[in-house]
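Right, one structure below, let's go through it.
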Amino acid sequence: MSLAHLQTTYQPLNNYDNVSIAIVVANWHTEIIQKLYEGAYTVLKKFHVGKIERFDVPGSFELSFAANHLAGYGVFDAIICIGVVIQGETKHFDFICQAVANGITNASQNTDTPIIFGVLTPNTLEQAYERAGGKYGNKGEEAAYAALQMIDFKFYAQNVYQSIQPNWIDSQIDS
Ligand code: DLZ
């Protein structure tokens, strides 16, 4: 017998009333940021997420610290980080993007909390607008869907696997 029978597709939760999600927003390019934030907020509301809390930080560089810190309280089921860094505008681009991407990855893994990378890194302001409710959609909405999907994933995994004894799993893999 193998574990294959357990690897069914997990279903979305029917009810997000008890779910808490933080949205951390970097205060650069605030008009675009606001559109991304509203996109994320609207999707979470549509799915009746019980608690949505916004936190503002100075810039994208601070997103991962804030997300890591908030995750440490263990009260948020997911954290969405929203920022905009325009490549053509700043020599800081590589430093900031790399720092925030690595920081979010580390924070997410260290705290076992889904932390979503909702940071736009386009070449121009125009490209940023196109991704904040323009012709390429709204990346804030996509970030919210990613958060819900990761919450579904954790819920499913915990329900299916938490009660399974490790030695039972070993025996399934060996056989
Ligand atoms: C300094 C800076 C620059 C030049 N550009 C941006 C940007 O395009 N987007 C953004 O979110 N933040 C920027 N920042 C601010 C840094 O992220 C950070 O807040 C400061 O360096 C202070 O640590």
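The way I read the labels, and the way they are meant: chains A, B, ... in the order of the structure tokens, residue 1 as the first residue of every chain, and ligand 1 as the first ligand shown, with later ones counted on from there.
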
Using DSSP on the backbone coordinates, identify all residues within chain A classified as strand (DSSP E or B); present the result as a PyMOL selection string.
chain A and resi 20-26+51-57+78-84+115-120+132-134+137-138

Using C-alpha atoms, can you export the residues from the last selection as a short mmCIF file (atom, residue, chain, number, x, y, z; two decimals), in the first residue's frame?
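To be explicit, this is the file written out as again19.cif:
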data_model
loop_
_atom_site.label_atom_id
_atom_site.label_comp_id
_atom_site.auth_asym_id
_atom_site.auth_seq_id
_atom_site.Cartn_x
_atom_site.Cartn_y
_atom_site.Cartn_z
CA SER A 20 -7.55 36.13 10.45
CA ILE A 21 -5.39 37.67 7.77
CA ALA A 22 -2.94 40.56 8.09
CA ILE A 23 -2.14 42.77 5.14
CA VAL A 24 1.20 44.56 5.49
CA VAL A 25 1.52 47.54 3.18
CA ALA A 26 4.73 49.37 2.21
CA LYS A 51 -10.69 39.43 10.57
CA ILE A 52 -8.64 41.50 8.15
CA GLU A 53 -6.11 43.85 9.67
CA ARG A 54 -3.92 46.36 7.84
CA PHE A 55 -0.41 47.32 8.99
CA ASP A 56 1.67 50.03 7.31
CA VAL A 57 5.47 50.00 7.11
CA ALA A 78 -1.82 34.15 6.65
CA ILE A 79 -0.05 37.42 6.00
CA ILE A 80 -0.10 39.28 2.71
CA CYS A 81 2.80 41.65 1.96
CA ILE A 82 2.12 44.40 -0.53
CA GLY A 83 4.78 46.65 -2.04
CA VAL A 84 5.91 48.29 -5.27
CA ILE A 115 3.30 34.82 3.93
CA ILE A 116 2.36 35.97 0.48
CA PHE A 117 4.66 37.94 -1.81
CA GLY A 118 2.43 40.68 -3.18
CA VAL A 119 5.30 42.89 -4.27
CA LEU A 120 5.32 44.36 -7.77
CA ALA A 132 -2.90 47.15 -10.10
CA GLY A 133 -6.33 47.00 -11.71
CA GLY A 134 -5.15 47.60 -15.28
CA GLY A 137 -5.42 42.47 -13.57
CA ASN A 138 -4.81 43.26 -9.94
#

Dump the neighbourhood of ligand 1 as a PDB file with C-alpha atoms, in the first residue's frame: all residues within 12 Å, distances computed on only C-alpha atoms and all ligand atoms.
ATOM      1  CA  VAL A  24       1.198  44.557   5.486  1.00  0.00           C
ATOM      2  CA  VAL A  25       1.516  47.537   3.185  1.00  0.00           C
ATOM      3  CA  ALA A  26       4.734  49.366   2.207  1.00  0.00           C
ATOM      4  CA  ASN A  27       4.161  53.112   1.926  1.00  0.00           C
ATOM      5  CA  TRP A  28       5.914  53.786  -1.358  1.00  0.00           C
ATOM      6  CA  HIS A  29       4.012  54.527  -4.594  1.00  0.00           C
ATOM      7  CA  THR A  30       0.961  54.877  -2.419  1.00  0.00           C
ATOM      8  CA  ILE A  32      -0.675  51.901  -6.652  1.00  0.00           C
ATOM      9  CA  ILE A  33      -0.338  50.359  -3.218  1.00  0.00           C
ATOM     10  CA  ASP A  56       1.665  50.033   7.312  1.00  0.00           C
ATOM     11  CA  VAL A  57       5.468  50.002   7.112  1.00  0.00           C
ATOM     12  CA  PRO A  58       7.838  52.628   5.629  1.00  0.00           C
ATOM     13  CA  GLY A  59       8.914  50.662   2.545  1.00  0.00           C
ATOM     14  CA  SER A  60       9.179  47.227   0.989  1.00  0.00           C
ATOM     15  CA  PHE A  61      12.435  46.564   2.787  1.00  0.00           C
ATOM     16  CA  GLU A  62      10.527  46.484   6.087  1.00  0.00           C
ATOM     17  CA  LEU A  63       7.829  44.059   4.870  1.00  0.00           C
ATOM     18  CA  SER A  64       9.609  40.883   5.905  1.00  0.00           C
ATOM     19  CA  PHE A  65      10.441  42.138   9.391  1.00  0.00           C
ATOM     20  CA  ALA A  66       6.811  43.118   9.944  1.00  0.00           C
ATOM     21  CA  CYS A  81       2.796  41.647   1.965  1.00  0.00           C
ATOM     22  CA  ILE A  82       2.117  44.404  -0.526  1.00  0.00           C
ATOM     23  CA  GLY A  83       4.778  46.648  -2.043  1.00  0.00           C
ATOM     24  CA  VAL A  84       5.914  48.290  -5.266  1.00  0.00           C
ATOM     25  CA  VAL A  85       9.546  48.682  -6.273  1.00  0.00           C
ATOM     26  CA  ILE A  86      10.157  50.215  -9.714  1.00  0.00           C
ATOM     27  CA  GLN A  87      13.302  48.920 -11.338  1.00  0.00           C
ATOM     28  CA  GLY A  88      14.034  51.959 -13.496  1.00  0.00           C
ATOM     29  CA  GLU A  89      13.722  54.340 -10.561  1.00  0.00           C
ATOM     30  CA  THR A  90      16.096  53.149  -7.936  1.00  0.00           C
ATOM     31  CA  LYS A  91      19.537  51.654  -7.565  1.00  0.00           C
ATOM     32  CA  HIS A  92      18.150  50.111  -4.394  1.00  0.00           C
ATOM     33  CA  PHE A  93      16.030  47.826  -6.602  1.00  0.00           C
ATOM     34  CA  ASP A  94      18.140  44.682  -6.368  1.00  0.00           C
ATOM     35  CA  PHE A  95      18.879  45.104  -2.678  1.00  0.00           C
ATOM     36  CA  ILE A  96      15.276  45.697  -1.751  1.00  0.00           C
ATOM     37  CA  CYS A  97      13.775  42.980  -3.954  1.00  0.00           C
ATOM     38  CA  GLN A  98      16.246  40.347  -2.900  1.00  0.00           C
ATOM     39  CA  ALA A  99      15.958  41.274   0.765  1.00  0.00           C
ATOM     40  CA  VAL A 100      12.180  41.180   0.771  1.00  0.00           C
ATOM     41  CA  GLY A 118       2.433  40.682  -3.184  1.00  0.00           C
ATOM     42  CA  VAL A 119       5.304  42.894  -4.274  1.00  0.00           C
ATOM     43  CA  LEU A 120       5.323  44.361  -7.768  1.00  0.00           C
ATOM     44  CA  THR A 121       8.785  44.713  -9.320  1.00  0.00           C
ATOM     45  CA  PRO A 122       8.111  46.235 -12.766  1.00  0.00           C
ATOM     46  CA  ASN A 123      10.407  48.331 -14.928  1.00  0.00           C
ATOM     47  CA  THR A 124       8.141  51.362 -15.050  1.00  0.00           C
ATOM     48  CA  LEU A 125       5.310  53.030 -13.171  1.00  0.00           C
ATOM     49  CA  ALA A 128       2.860  48.845 -12.153  1.00  0.00           C
TER      50      ALA A 128
END

Need to verify the contact set: A:His48, 9 Å, only C-alpha atoms, exclusion of same-chain residues closer than 6 positions in sequence. Can you return it as a list in words?
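Those residues are Asn15, Tyr16, Asp17 and Val19 of chain A.
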
Next, the residues of the selection above should be written as a PDB file, in the first residue's frame with N, CA and C atoms.
ATOM      1  N   ASN A  15     -15.913  27.988   4.950  1.00  0.00           N
ATOM      2  CA  ASN A  15     -16.216  29.057   5.892  1.00  0.00           C
ATOM      3  C   ASN A  15     -14.918  29.674   6.419  1.00  0.00           C
ATOM      4  N   TYR A  16     -14.743  30.957   6.131  1.00  0.00           N
ATOM      5  CA  TYR A  16     -13.536  31.644   6.588  1.00  0.00           C
ATOM      6  C   TYR A  16     -13.845  32.597   7.753  1.00  0.00           C
ATOM      7  N   ASP A  17     -14.972  32.396   8.406  1.00  0.00           N
ATOM      8  CA  ASP A  17     -15.382  33.296   9.499  1.00  0.00           C
ATOM      9  C   ASP A  17     -14.332  33.380  10.602  1.00  0.00           C
ATOM     10  N   VAL A  19     -11.156  32.915  10.305  1.00  0.00           N
ATOM     11  CA  VAL A  19      -9.820  33.137   9.743  1.00  0.00           C
ATOM     12  C   VAL A  19      -9.403  34.595   9.938  1.00  0.00           C
TER      13      VAL A  19
END

Measuring between only C-alpha atoms, which one of A:Val43, A:Leu148, A:Val75, A:Leu36 shows the shortest distance to A:Tyr129?
A:Leu36

Might you pull out every residue within 10 Å of A:Gly74, with only C-alpha atoms counted and same-chain residues fewer than 6 positions away left off, and present them as a list in words?
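In the requested form, the answer reads Thr111, Asp112 and Thr113 of chain A.
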
Based on DSSP run over this structure's backbone, return all residues of stretch 121-151 of chain A in helix (DSSP H, G or I), as a PyMOL selection string.
chain A and resi 125-130+139-151
